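Structure data (mmCIF, C-alpha atoms (C1' of nucleotides)) from final-v7.cif:
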data_model
loop_
_atom_site.label_atom_id
_atom_site.label_comp_id
_atom_site.auth_asym_id
_atom_site.auth_seq_id
_atom_site.Cartn_x
_atom_site.Cartn_y
_atom_site.Cartn_z
CA MET A 56 53.71 -38.56 -78.98
CA SER A 57 56.86 -38.09 -80.99
CA SER A 58 54.92 -35.85 -83.36
CA ASP A 59 53.45 -34.05 -80.36
CA GLU A 60 56.87 -33.44 -78.99
CA ARG A 61 58.06 -32.18 -82.34
CA ASP A 62 55.09 -29.87 -82.43
CA THR A 63 55.84 -28.27 -79.09
CA ARG A 64 59.51 -28.10 -79.84
CA THR A 65 58.79 -26.46 -83.15
CA ARG A 66 56.35 -24.08 -81.55
CA ILE A 67 59.09 -22.97 -79.18
CA LEU A 68 61.52 -22.47 -82.03
CA GLU A 69 58.99 -20.46 -83.98
CA ALA A 70 58.06 -18.36 -80.97
CA THR A 71 61.73 -17.64 -80.37
CA TRP A 72 62.24 -16.64 -83.95
CA ARG A 73 59.11 -14.51 -83.99
CA LEU A 74 60.09 -12.67 -80.83
CA LEU A 75 63.61 -12.06 -82.05
CA GLU A 76 62.24 -10.60 -85.27
CA ALA A 77 59.69 -8.54 -83.39
CA HIS A 78 62.18 -6.99 -80.96
CA PRO A 79 65.37 -6.83 -82.98
CA GLY A 80 68.42 -6.39 -80.84
CA GLN A 81 66.55 -6.88 -77.58
CA GLU A 82 67.28 -9.55 -75.05
CA VAL A 83 64.50 -12.11 -75.42
CA LYS A 84 63.73 -13.79 -72.11
CA MET A 85 62.85 -17.42 -71.55
CA ALA A 86 59.58 -16.41 -69.90
CA GLU A 87 58.54 -14.37 -72.95
CA ILE A 88 59.32 -17.23 -75.28
CA ALA A 89 57.29 -19.62 -73.16
CA ARG A 90 54.35 -17.23 -73.11
CA ALA A 91 54.55 -16.72 -76.86
CA ALA A 92 54.65 -20.49 -77.38
CA GLY A 93 51.66 -20.94 -75.09
CA ILE A 94 53.42 -23.10 -72.52
CA SER A 95 54.94 -22.65 -69.09
CA ARG A 96 58.43 -21.32 -68.68
CA GLN A 97 59.62 -24.61 -67.24
CA ALA A 98 58.31 -26.58 -70.19
CA VAL A 99 60.85 -24.84 -72.40
CA TYR A 100 63.55 -26.55 -70.34
CA LEU A 101 62.00 -29.91 -71.14
CA HIS A 102 63.09 -29.33 -74.74
CA PHE A 103 66.16 -27.13 -74.45
CA ALA A 104 68.64 -27.35 -71.62
CA SER A 105 69.54 -23.66 -71.65
CA ARG A 106 68.98 -20.36 -73.33
CA THR A 107 72.11 -20.83 -75.41
CA GLU A 108 70.98 -24.23 -76.60
CA LEU A 109 67.65 -22.75 -77.62
CA LEU A 110 69.35 -19.98 -79.55
CA ILE A 111 71.58 -22.45 -81.33
CA ALA A 112 68.63 -24.68 -82.20
CA THR A 113 66.71 -21.67 -83.47
CA THR A 114 69.65 -20.72 -85.67
CA ARG A 115 69.73 -24.19 -87.18
CA TYR A 116 65.98 -24.13 -87.64
CA VAL A 117 66.00 -20.78 -89.41
CA ASP A 118 68.95 -21.78 -91.59
CA GLU A 119 67.04 -24.89 -92.57
CA VAL A 120 63.82 -23.05 -93.33
CA LYS A 121 65.56 -20.31 -95.26
CA GLY A 122 67.84 -22.71 -97.07
CA LEU A 123 71.15 -20.93 -97.35
CA ASP A 124 72.71 -24.06 -98.80
CA ALA A 125 70.34 -24.11 -101.75
CA ARG A 126 71.00 -20.46 -102.42
CA LEU A 127 74.74 -20.89 -102.29
CA ALA A 128 74.39 -23.69 -104.81
CA ARG A 129 73.68 -20.98 -107.37
CA LEU A 130 77.33 -20.07 -107.18
CA GLY A 131 78.04 -23.28 -109.07
CA GLU A 132 76.38 -21.75 -112.11
CA ALA A 133 78.94 -18.98 -112.29
CA THR A 134 81.69 -19.60 -114.78
CA THR A 135 84.23 -16.92 -113.94
CA GLY A 136 85.66 -15.82 -110.63
CA VAL A 137 84.17 -12.37 -110.95
CA GLU A 138 80.72 -13.83 -111.55
CA MET A 139 81.15 -16.06 -108.52
CA LEU A 140 82.17 -13.11 -106.42
CA GLU A 141 79.16 -11.12 -107.47
CA ALA A 142 76.78 -14.03 -107.04
CA CYS A 143 78.22 -14.60 -103.58
CA VAL A 144 77.60 -11.04 -102.51
CA GLU A 145 74.12 -11.16 -103.97
CA VAL A 146 73.11 -14.35 -102.21
CA TRP A 147 74.67 -13.47 -98.90
CA GLY A 148 73.61 -9.84 -98.99
CA ASN A 149 70.01 -10.83 -99.53
CA TYR A 150 70.22 -13.56 -96.92
CA ILE A 151 71.51 -11.45 -94.05
CA PRO A 152 68.35 -9.36 -93.58
CA GLU A 153 66.32 -12.55 -93.27
CA ILE A 154 68.43 -14.01 -90.50
CA TYR A 155 69.74 -10.86 -88.89
CA ALA A 156 67.64 -11.05 -85.72
CA ILE A 157 68.70 -14.55 -84.71
CA ALA A 158 72.22 -14.00 -85.96
CA ARG A 159 72.57 -11.00 -83.73
CA ALA A 160 71.26 -12.91 -80.73
CA LEU A 161 73.75 -15.70 -81.34
CA MET A 162 76.61 -13.25 -81.91
CA ARG A 163 75.86 -11.71 -78.59
CA ALA A 164 75.65 -15.08 -76.87
CA LYS A 165 78.98 -16.16 -78.32
CA GLU A 166 80.75 -13.40 -76.43
CA THR A 167 80.18 -15.17 -73.12
CA ASP A 168 79.20 -18.69 -74.07
CA GLU A 169 81.63 -21.22 -75.41
CA ALA A 170 78.98 -23.44 -77.02
CA ALA A 171 77.40 -20.48 -78.78
CA ALA A 172 80.81 -19.48 -80.13
CA ALA A 173 81.37 -22.96 -81.51
CA ALA A 174 77.96 -23.02 -83.19
CA TRP A 175 78.55 -19.61 -84.68
CA ASN A 176 81.95 -20.50 -86.02
CA GLY A 177 80.48 -23.61 -87.55
CA THR A 178 77.87 -21.66 -89.45
CA MET A 179 80.38 -19.05 -90.50
CA GLY A 180 82.81 -21.72 -91.59
CA CYS A 181 80.49 -22.53 -94.49
CA LEU A 182 80.57 -18.94 -95.65
CA ARG A 183 84.31 -18.90 -95.30
CA ASP A 184 84.57 -21.96 -97.53
CA VAL A 185 82.62 -20.10 -100.17
CA CYS A 186 84.98 -17.13 -99.88
CA ARG A 187 87.88 -19.50 -100.34
CA GLU A 188 86.34 -20.96 -103.49
CA VAL A 189 85.80 -17.54 -104.97
CA ILE A 190 89.33 -16.41 -104.25
CA ASP A 191 90.82 -19.66 -105.50
CA THR A 192 88.90 -19.34 -108.74
CA LEU A 193 90.10 -15.79 -109.22
CA ASP A 194 93.63 -16.93 -108.47
CA ARG A 195 93.43 -19.78 -110.97
CA GLU A 196 92.32 -17.31 -113.59
CA ASP A 197 95.25 -15.05 -112.69
CA ARG A 198 92.81 -12.32 -111.86
CA LEU A 199 93.56 -12.07 -108.16
CA ALA A 200 95.10 -8.69 -107.41
CA ALA A 201 98.82 -8.97 -106.79
CA ASP A 202 98.51 -7.21 -103.43
CA TRP A 203 97.24 -10.32 -101.65
CA SER A 204 98.15 -13.91 -101.16
CA PRO A 205 95.09 -16.15 -101.49
CA ASP A 206 94.98 -16.67 -97.72
CA GLU A 207 95.07 -12.96 -97.03
CA ALA A 208 92.41 -12.33 -99.63
CA VAL A 209 90.13 -14.90 -98.02
CA ASP A 210 90.57 -13.35 -94.57
CA LEU A 211 89.80 -9.94 -95.95
CA PHE A 212 86.91 -11.02 -98.15
CA PHE A 213 85.30 -12.86 -95.27
CA THR A 214 85.75 -9.84 -93.03
CA LEU A 215 84.33 -7.37 -95.53
CA ILE A 216 81.07 -9.24 -95.97
CA SER A 217 80.66 -9.85 -92.23
CA ILE A 218 77.38 -9.13 -90.51
CA PRO A 219 78.73 -6.24 -88.38
CA ASN A 220 79.69 -4.45 -91.60
CA TRP A 221 76.26 -5.08 -93.09
CA GLU A 222 74.76 -3.83 -89.84
CA GLN A 223 76.77 -0.66 -89.90
CA LEU A 224 76.02 0.20 -93.51
CA THR A 225 72.34 -0.69 -93.62
CA ILE A 226 71.06 -0.10 -90.12
CA GLU A 227 73.35 2.69 -88.94
CA HIS A 228 73.85 4.49 -92.23
CA GLY A 229 70.55 3.63 -93.86
CA TRP A 230 71.76 1.86 -96.97
CA SER A 231 69.09 -0.24 -98.70
CA THR A 232 69.78 -3.88 -99.38
CA VAL A 233 70.14 -3.13 -103.08
CA LYS A 234 72.60 -0.33 -102.40
CA TYR A 235 74.52 -2.57 -100.01
CA VAL A 236 74.79 -5.37 -102.56
CA GLU A 237 75.81 -3.11 -105.44
CA HIS A 238 78.39 -1.19 -103.49
CA MET A 239 79.79 -4.28 -101.85
CA LYS A 240 80.22 -5.82 -105.29
CA LEU A 241 82.08 -2.73 -106.42
CA LEU A 242 84.26 -2.72 -103.35
CA LEU A 243 85.17 -6.37 -103.67
CA ARG A 244 85.97 -6.04 -107.38
CA ARG A 245 88.19 -3.08 -106.70
CA ALA A 246 89.84 -4.88 -103.83
CA PHE A 247 90.45 -8.30 -105.29
CA VAL A 248 90.20 -8.31 -109.07
CA ALA A 249 93.33 -7.34 -110.98
CA GLY A 250 93.26 -4.81 -113.76
CA MET B 32 89.91 16.10 -49.52
CA SER B 33 89.32 17.02 -53.12
CA SER B 34 92.65 15.45 -53.99
CA ASP B 35 91.72 12.45 -51.85
CA GLU B 36 88.52 12.02 -53.75
CA ARG B 37 90.33 12.34 -57.05
CA ASP B 38 92.72 9.71 -55.85
CA THR B 39 90.02 7.20 -55.08
CA ARG B 40 88.12 7.99 -58.22
CA THR B 41 91.27 7.61 -60.26
CA ARG B 42 92.12 4.39 -58.46
CA ILE B 43 88.75 3.01 -59.49
CA LEU B 44 89.27 4.06 -63.09
CA GLU B 45 92.69 2.50 -63.16
CA ALA B 46 91.48 -0.69 -61.55
CA THR B 47 88.71 -0.92 -64.12
CA TRP B 48 91.12 -0.40 -66.94
CA ARG B 49 93.61 -2.89 -65.52
CA LEU B 50 90.96 -5.57 -65.09
CA LEU B 51 89.57 -5.03 -68.57
CA GLU B 52 93.06 -5.40 -70.00
CA ALA B 53 93.76 -8.44 -67.86
CA HIS B 54 90.58 -10.30 -68.83
CA PRO B 55 89.93 -9.11 -72.33
CA GLY B 56 86.40 -9.76 -73.47
CA GLN B 57 85.21 -10.86 -70.04
CA GLU B 58 82.46 -9.24 -68.08
CA VAL B 59 84.17 -7.30 -65.31
CA LYS B 60 82.03 -7.13 -62.21
CA MET B 61 81.62 -4.18 -59.87
CA ALA B 62 82.79 -6.32 -56.95
CA GLU B 63 86.03 -7.23 -58.75
CA ILE B 64 86.72 -3.61 -59.57
CA ALA B 65 86.16 -2.60 -55.96
CA ARG B 66 88.48 -5.33 -54.72
CA ALA B 67 91.14 -4.34 -57.25
CA ALA B 68 90.83 -0.70 -56.18
CA GLY B 69 91.12 -1.69 -52.52
CA ILE B 70 87.73 -0.36 -51.47
CA SER B 71 84.30 -1.76 -50.74
CA ARG B 72 81.87 -2.52 -53.54
CA GLN B 73 79.49 0.14 -52.32
CA ALA B 74 82.18 2.82 -52.33
CA VAL B 75 82.36 2.51 -56.11
CA TYR B 76 78.78 3.79 -56.21
CA LEU B 77 79.88 6.88 -54.29
CA HIS B 78 81.85 7.87 -57.39
CA PHE B 79 79.91 6.34 -60.26
CA ALA B 80 76.16 5.94 -60.32
CA SER B 81 76.20 2.75 -62.36
CA ARG B 82 78.32 0.26 -64.19
CA THR B 83 77.64 2.03 -67.48
CA GLU B 84 78.71 5.37 -66.08
CA LEU B 85 81.91 3.80 -64.83
CA LEU B 86 82.63 2.29 -68.23
CA ILE B 87 82.00 5.61 -69.93
CA ALA B 88 84.26 7.43 -67.47
CA THR B 89 86.95 4.81 -67.97
CA THR B 90 86.72 5.30 -71.72
CA ARG B 91 87.19 9.02 -71.34
CA TYR B 92 90.06 8.46 -68.93
CA VAL B 93 91.86 6.09 -71.26
CA ASP B 94 91.28 8.34 -74.25
CA GLU B 95 92.76 11.20 -72.30
CA VAL B 96 95.78 9.23 -71.12
CA LYS B 97 96.44 7.78 -74.55
CA GLY B 98 95.81 11.04 -76.35
CA LEU B 99 94.07 10.12 -79.57
CA ASP B 100 93.55 13.79 -80.35
CA ALA B 101 97.26 14.51 -80.35
CA ARG B 102 97.90 11.55 -82.60
CA LEU B 103 95.21 12.56 -85.05
CA ALA B 104 96.80 15.98 -85.22
CA ARG B 105 99.57 14.31 -87.21
CA LEU B 106 97.14 14.08 -90.08
CA GLY B 107 97.49 17.82 -90.50
CA GLU B 108 101.08 17.26 -91.66
CA ALA B 109 99.92 15.24 -94.63
CA THR B 110 99.79 17.23 -97.84
CA THR B 111 97.91 14.89 -100.20
CA GLY B 112 94.73 12.91 -99.72
CA VAL B 113 96.56 9.62 -100.11
CA GLU B 114 99.04 10.61 -97.43
CA MET B 115 96.19 11.57 -95.13
CA LEU B 116 94.49 8.29 -95.75
CA GLU B 117 97.61 6.34 -94.94
CA ALA B 118 98.40 8.43 -91.89
CA CYS B 119 94.85 7.89 -90.68
CA VAL B 120 95.11 4.13 -90.94
CA GLU B 121 98.47 4.19 -89.26
CA VAL B 122 97.34 6.28 -86.30
CA TRP B 123 94.04 4.51 -85.82
CA GLY B 124 95.43 1.04 -86.46
CA ASN B 125 98.08 1.53 -83.82
CA TYR B 126 95.60 3.08 -81.43
CA ILE B 127 93.01 0.31 -81.47
CA PRO B 128 95.15 -2.32 -79.71
CA GLU B 129 95.77 0.11 -76.86
CA ILE B 130 92.11 0.77 -76.21
CA TYR B 131 90.59 -2.46 -77.40
CA ALA B 132 89.68 -3.84 -73.97
CA ILE B 133 87.68 -0.85 -72.82
CA ALA B 134 86.28 -0.25 -76.31
CA ARG B 135 84.94 -3.76 -76.39
CA ALA B 136 83.32 -3.38 -72.98
CA LEU B 137 81.65 -0.17 -74.07
CA MET B 138 80.55 -1.67 -77.38
CA ARG B 139 78.89 -4.45 -75.49
CA ALA B 140 77.24 -2.05 -73.06
CA LYS B 141 75.87 0.04 -75.88
CA GLU B 142 73.77 -2.86 -77.08
CA THR B 143 71.48 -2.57 -74.09
CA ASP B 144 72.24 0.83 -72.61
CA GLU B 145 71.17 4.08 -74.19
CA ALA B 146 73.74 6.21 -72.38
CA ALA B 147 76.54 3.89 -73.40
CA ALA B 148 75.40 4.07 -77.01
CA ALA B 149 75.45 7.86 -76.91
CA ALA B 150 78.95 7.94 -75.42
CA TRP B 151 80.18 5.47 -78.00
CA ASN B 152 78.70 7.40 -80.90
CA GLY B 153 80.29 10.53 -79.56
CA THR B 154 83.74 8.99 -79.55
CA MET B 155 83.23 7.44 -82.94
CA GLY B 156 81.92 10.70 -84.33
CA CYS B 157 85.45 12.13 -84.06
CA LEU B 158 86.83 9.29 -86.13
CA ARG B 159 84.06 9.76 -88.65
CA ASP B 160 84.99 13.43 -88.98
CA VAL B 161 88.51 12.38 -89.82
CA CYS B 162 87.22 9.97 -92.45
CA ARG B 163 85.19 12.79 -93.94
CA GLU B 164 88.26 15.04 -94.10
CA VAL B 165 90.27 12.39 -95.87
CA ILE B 166 87.57 11.70 -98.43
CA ASP B 167 86.93 15.39 -99.01
CA THR B 168 90.60 15.96 -99.61
CA LEU B 169 90.74 13.12 -102.11
CA ASP B 170 87.65 14.49 -103.79
CA ARG B 171 89.10 17.99 -104.03
CA GLU B 172 92.18 16.52 -105.68
CA ASP B 173 89.93 14.63 -108.12
CA ARG B 174 91.42 11.42 -106.90
CA LEU B 175 88.29 9.91 -105.38
CA ALA B 176 87.29 6.82 -107.32
CA ALA B 177 84.28 7.48 -109.52
CA ASP B 178 82.37 4.56 -108.00
CA TRP B 179 81.41 6.52 -104.89
CA SER B 180 79.85 9.77 -103.92
CA PRO B 181 81.76 11.41 -101.07
CA ASP B 182 79.00 10.45 -98.61
CA GLU B 183 79.08 6.83 -99.64
CA ALA B 184 82.85 6.78 -99.49
CA VAL B 185 82.78 8.13 -95.93
CA ASP B 186 80.27 5.49 -94.81
CA LEU B 187 82.36 2.77 -96.34
CA PHE B 188 85.70 4.08 -95.14
CA PHE B 189 84.38 4.42 -91.61
CA THR B 190 82.98 0.90 -91.75
CA LEU B 191 86.16 -0.65 -93.11
CA ILE B 192 88.35 0.66 -90.31
CA SER B 193 85.84 -0.25 -87.61
CA ILE B 194 86.91 -2.12 -84.52
CA PRO B 195 84.98 -5.31 -85.33
CA ASN B 196 86.95 -5.58 -88.56
CA TRP B 197 90.20 -5.04 -86.73
CA GLU B 198 89.10 -7.65 -84.21
CA GLN B 199 88.32 -10.18 -86.89
CA LEU B 200 91.58 -9.73 -88.76
CA THR B 201 93.97 -9.50 -85.84
CA ILE B 202 92.40 -11.57 -83.10
CA GLU B 203 90.50 -14.17 -85.11
CA HIS B 204 92.84 -14.50 -88.05
CA GLY B 205 96.07 -13.66 -86.30
CA TRP B 206 97.21 -10.69 -88.34
CA SER B 207 99.88 -8.58 -86.63
CA THR B 208 99.30 -4.88 -86.16
CA VAL B 209 101.83 -4.13 -88.86
CA LYS B 210 100.18 -6.52 -91.28
CA TYR B 211 96.80 -5.05 -90.45
CA VAL B 212 97.98 -1.51 -91.08
CA GLU B 213 99.76 -2.30 -94.32
CA HIS B 214 96.94 -4.34 -95.78
CA MET B 215 94.29 -1.89 -94.68
CA LYS B 216 96.22 0.87 -96.41
CA LEU B 217 96.31 -1.20 -99.57
CA LEU B 218 92.63 -2.00 -99.36
CA LEU B 219 91.64 1.61 -98.83
CA ARG B 220 93.82 2.83 -101.68
CA ARG B 221 92.36 0.26 -104.02
CA ALA B 222 88.87 1.11 -102.84
CA PHE B 223 88.94 4.87 -102.85
CA VAL B 224 91.84 6.26 -104.88
CA ALA B 225 91.29 6.62 -108.60
CA GLY B 226 93.83 5.37 -111.13
"C1'" DA C 194 89.36 18.68 -26.64
"C1'" DT C 195 85.12 18.78 -28.52
"C1'" DG C 196 82.46 18.31 -32.21
"C1'" DC C 197 81.62 18.34 -37.51
"C1'" DT C 198 82.10 16.72 -41.92
"C1'" DC C 199 82.76 13.47 -45.21
"C1'" DA C 200 84.71 9.49 -47.38
"C1'" DC C 201 84.26 4.96 -46.58
"C1'" DT C 202 82.67 0.50 -44.31
"C1'" DT C 203 79.44 -3.16 -43.05
"C1'" DG C 204 75.59 -5.72 -43.66
"C1'" DA C 205 71.18 -6.21 -45.23
"C1'" DC C 206 67.85 -6.19 -48.86
"C1'" DA C 207 64.96 -5.80 -53.45
"C1'" DC C 208 64.85 -6.94 -58.14
"C1'" DG C 209 65.28 -9.51 -62.33
"C1'" DG C 210 66.77 -13.34 -64.97
"C1'" DT C 211 68.45 -18.25 -65.32
"C1'" DG C 212 68.21 -22.77 -64.12
"C1'" DT C 213 66.53 -26.72 -60.79
"C1'" DC C 214 63.41 -29.63 -58.16
"C1'" DA C 215 59.25 -32.02 -56.53
"C1'" DA C 216 54.63 -32.91 -56.56
"C1'" DT C 217 50.62 -32.90 -59.43
"C1'" DT C 218 47.43 -32.98 -63.58
"C1'" DG C 219 45.63 -34.98 -67.56
"C1'" DA C 220 45.52 -37.10 -72.03
"C1'" DT C 221 46.97 -41.38 -74.57
"C1'" DG C 222 47.43 -45.95 -75.53
"C1'" DT C 223 46.90 -50.95 -73.58
"C1'" DA D 265 41.84 -49.64 -64.63
"C1'" DC D 266 46.62 -48.54 -65.30
"C1'" DA D 267 51.03 -46.77 -66.87
"C1'" DT D 268 53.35 -43.32 -69.33
"C1'" DC D 269 54.84 -38.94 -70.33
"C1'" DA D 270 54.31 -34.15 -71.55
"C1'" DA D 271 53.19 -30.29 -69.26
"C1'" DT D 272 51.82 -27.54 -65.04
"C1'" DT D 273 52.41 -25.20 -60.56
"C1'" DG D 274 54.98 -23.24 -57.16
"C1'" DA D 275 59.00 -22.97 -54.70
"C1'" DC D 276 63.85 -22.16 -54.44
"C1'" DA D 277 69.10 -21.25 -55.20
"C1'" DC D 278 72.31 -18.37 -57.47
"C1'" DC D 279 74.26 -14.20 -59.29
"C1'" DG D 280 74.94 -9.53 -60.42
"C1'" DT D 281 73.21 -4.74 -60.01
"C1'" DG D 282 71.73 -1.17 -57.39
"C1'" DT D 283 69.78 0.86 -52.76
"C1'" DC D 284 69.50 1.92 -47.91
"C1'" DA D 285 70.76 2.73 -43.07
"C1'" DA D 286 73.76 2.76 -39.38
"C1'" DG D 287 78.34 3.07 -37.93
"C1'" DT D 288 83.61 4.17 -38.06
"C1'" DG D 289 87.41 7.13 -38.24
"C1'" DA D 290 90.53 10.72 -39.92
"C1'" DG D 291 91.08 15.69 -40.61
"C1'" DC D 292 89.84 20.14 -39.48
"C1'" DA D 293 87.21 23.77 -37.23
"C1'" DT D 294 86.93 27.00 -33.16
#
In structure tokens, write the structure found in this file.
Amino acid sequence: MSSDERDTRTRILEATWRLLEAHPGQEVKMAEIARAAGISRQAVYLHFASRTELLIATTRYVDEVKGLDARLARLGEATTGVEMLEACVEVWGNYIPEIYAIARALMRAKETDEAAAAAWNGTMGCLRDVCREVIDTLDREDRLAADWSPDEAVDLFFTLISIPNWEQLTIEHGWSTVKYVEHMKLLLRRAFVAG
Amino acid sequence: MSSDERDTRTRILEATWRLLEAHPGQEVKMAEIARAAGISRQAVYLHFASRTELLIATTRYVDEVKGLDARLARLGEATTGVEMLEACVEVWGNYIPEIYAIARALMRAKETDEAAAAAWNGTMGCLRDVCREVIDTLDREDRLAADWSPDEAVDLFFTLISIPNWEQLTIEHGWSTVKYVEHMKLLLRRAFVAG
DNA sequence: ATGCTCACTTGACACGGTGTCAATTGATGT
DNA sequence: ACATCAATTGACACCGTGTCAAGTGAGCAT
């Protein structure tokens, strides 16, 4: 019963994810998701009140499966600010391609839907906290470039590693993930590290 | 007759623009535009075949009224690459807020509409050409940072001054236009100018 | 003044996607 | 034999885009 429900619910989440990955950047319709999950369109609404809610739940599901938290834990191993910065770019830069499809769907939803925006900002808040840590560490080491206050540096750092920028460089301009990571590291060092 | 038609057509374009500015980031409906222009909804379709076409025409109209070309001509006055780079940021950074509403509408349309994407890429191609000029000039002066090939530098430059980045820094994080321009100049110098 | 043209109006309609509702089926556990 | 509950079927309302057809009315022709 409860496990049955979990099963169907999970099947919907997986179907959503699969479809998003299969048609990147396309609008995935509720009817398609239902078909892919092997249930009726209406049954989806028994588990998720709306399209937005389904997208948000899928985001959480993917984040959980992919384990961003665990990956970000690696940053703790870094001893210097520069190492943290590079580890951050590496983890995040390798994570984006894995979650890009659902992230893009949620980004689009957030433009019109308040709940989607809140969910998105929540997820992104974690990343922002990491940016803050990196910048604070650099600042404590007196290696933060004199051009920025810590707050400004965080805003800028967070903006530079945003998904739209990744999208532009990799998808539009054809950069590989490796190239993206290496060049982003270079850019961030030049931008934020003194000397 | 011909002037009458121009009048109505222009009234539609202006109504579209006005509504986009008034409700930034909202979906503006054909019916609202018609009402704002003082005509029937169907009459809009006598002048523009579709919503996308109207958005594209509005973009062109705004670009023409605002005169980006003339502003970019100022770059010719710059003598060094660094001056060009700074002038570029200044012109573009002051231009974005004036066209942000329509730009955002077109950016959104381009996600689903092929024609909108083409129009957008056309407009952005001009900006990219300017980026290329700046980088080439720096390169010719041997002042392009050794970390990048000219092609890579152009990709990155173009990405850094993109509208989503402007949006994030000014709208989300509250940076003023002046702050945006000054800090973007600093960032670009640190990123691309050697020494 | 009669009649044409042409922009525009009115009102209806098809389509596609979301979300809702009500009645029904069918498997499960008791 | 019965209740429960997930899921099904089929219908429907709503909204926004785009289309179609018939009608209005002002300006301009000769």
Note to self: If the cut-off is 9 Å, can you tell me the residues of chain D near chain A, counting all atoms listed in the file? I'd like them as a list of chain:residue names.
What the structure shows: D:DC269, D:DA270, D:DA271, D:DT272
Margin query: Give me, as a PyMOL selection string, the residues of chain C touching chain A, with the criterion being at most 10 Å (counting only C-alpha atoms (C1' of nucleotides)).
Written below: chain C and resi 210-213+221
Counting only C-alpha atoms, chain A residues within 10 Å of chain B, as a compact mmCIF listing (two decimals) with C-alpha atoms, keeping the file's coordinate frame:
# COMPACT_ATOMS: atom_id res chain seq x y z
CA GLY A 80 68.42 -6.39 -80.84
CA GLN A 81 66.55 -6.88 -77.58
CA GLU A 82 67.28 -9.55 -75.05
CA ARG A 163 75.86 -11.71 -78.59
CA GLU A 166 80.75 -13.40 -76.43
CA THR A 167 80.18 -15.17 -73.12
CA ALA A 200 95.10 -8.69 -107.41
CA ASP A 202 98.51 -7.21 -103.43
CA TRP A 203 97.24 -10.32 -101.65
CA GLU A 207 95.07 -12.96 -97.03
CA ALA A 208 92.41 -12.33 -99.63
CA ASP A 210 90.57 -13.35 -94.57
CA LEU A 211 89.80 -9.94 -95.95
CA PHE A 213 85.30 -12.86 -95.27
CA THR A 214 85.75 -9.84 -93.03
CA LEU A 215 84.33 -7.37 -95.53
CA SER A 217 80.66 -9.85 -92.23
CA ILE A 218 77.38 -9.13 -90.51
CA PRO A 219 78.73 -6.24 -88.38
CA ASN A 220 79.69 -4.45 -91.60
CA TRP A 221 76.26 -5.08 -93.09
CA GLU A 222 74.76 -3.83 -89.84
CA GLN A 223 76.77 -0.66 -89.90
CA LEU A 224 76.02 0.20 -93.51
CA GLU A 227 73.35 2.69 -88.94
CA HIS A 228 73.85 4.49 -92.23
CA GLY A 229 70.55 3.63 -93.86
CA TRP A 230 71.76 1.86 -96.97
CA HIS A 238 78.39 -1.19 -103.49
CA MET A 239 79.79 -4.28 -101.85
CA LEU A 241 82.08 -2.73 -106.42
CA LEU A 242 84.26 -2.72 -103.35
CA LEU A 243 85.17 -6.37 -103.67
CA ARG A 244 85.97 -6.04 -107.38
CA ARG A 245 88.19 -3.08 -106.70
CA ALA A 246 89.84 -4.88 -103.83
CA PHE A 247 90.45 -8.30 -105.29
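Taking atom CA of Glu164 of chain B as the reference point, atom CA of Glu213 of chain B is found at 20.8 Å.
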Check: Do you know which residues lie at most 7 Å from (66.2, -27.2, -53.3), with coordinates as in the file and only C-alpha atoms (C1' of nucleotides) counted, and could you write them as a PyMOL selection string?
Finding: (chain C and resi 214) or (chain D and resi 276-277)
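Picked by the PyMOL selection byres ((chain B and resi 43) around 10) from the coordinates shown: B:Arg37, B:Asp38, B:Thr39, B:Arg40, B:Thr41, B:Arg42, B:Leu44, B:Glu45, B:Ala46, B:Thr47, B:Trp48, B:Arg49, B:Ile64, B:Ala65, B:Arg66, B:Ala67, B:Ala68, B:Gly69, B:Ile70, B:Ala74, B:Val75, B:His78, B:Phe79, B:Leu85, B:Thr89.
Remark: residues at most 9 Å from position (98.2, 6.4, -86.3) in file coordinates are Leu99, Arg102, Leu103, Arg105, Leu106, Glu117, Ala118, Cys119, Val120, Glu121, Val122, Trp123, Gly124, Asn125 and Tyr126 of chain B, using all atoms listed in the file.
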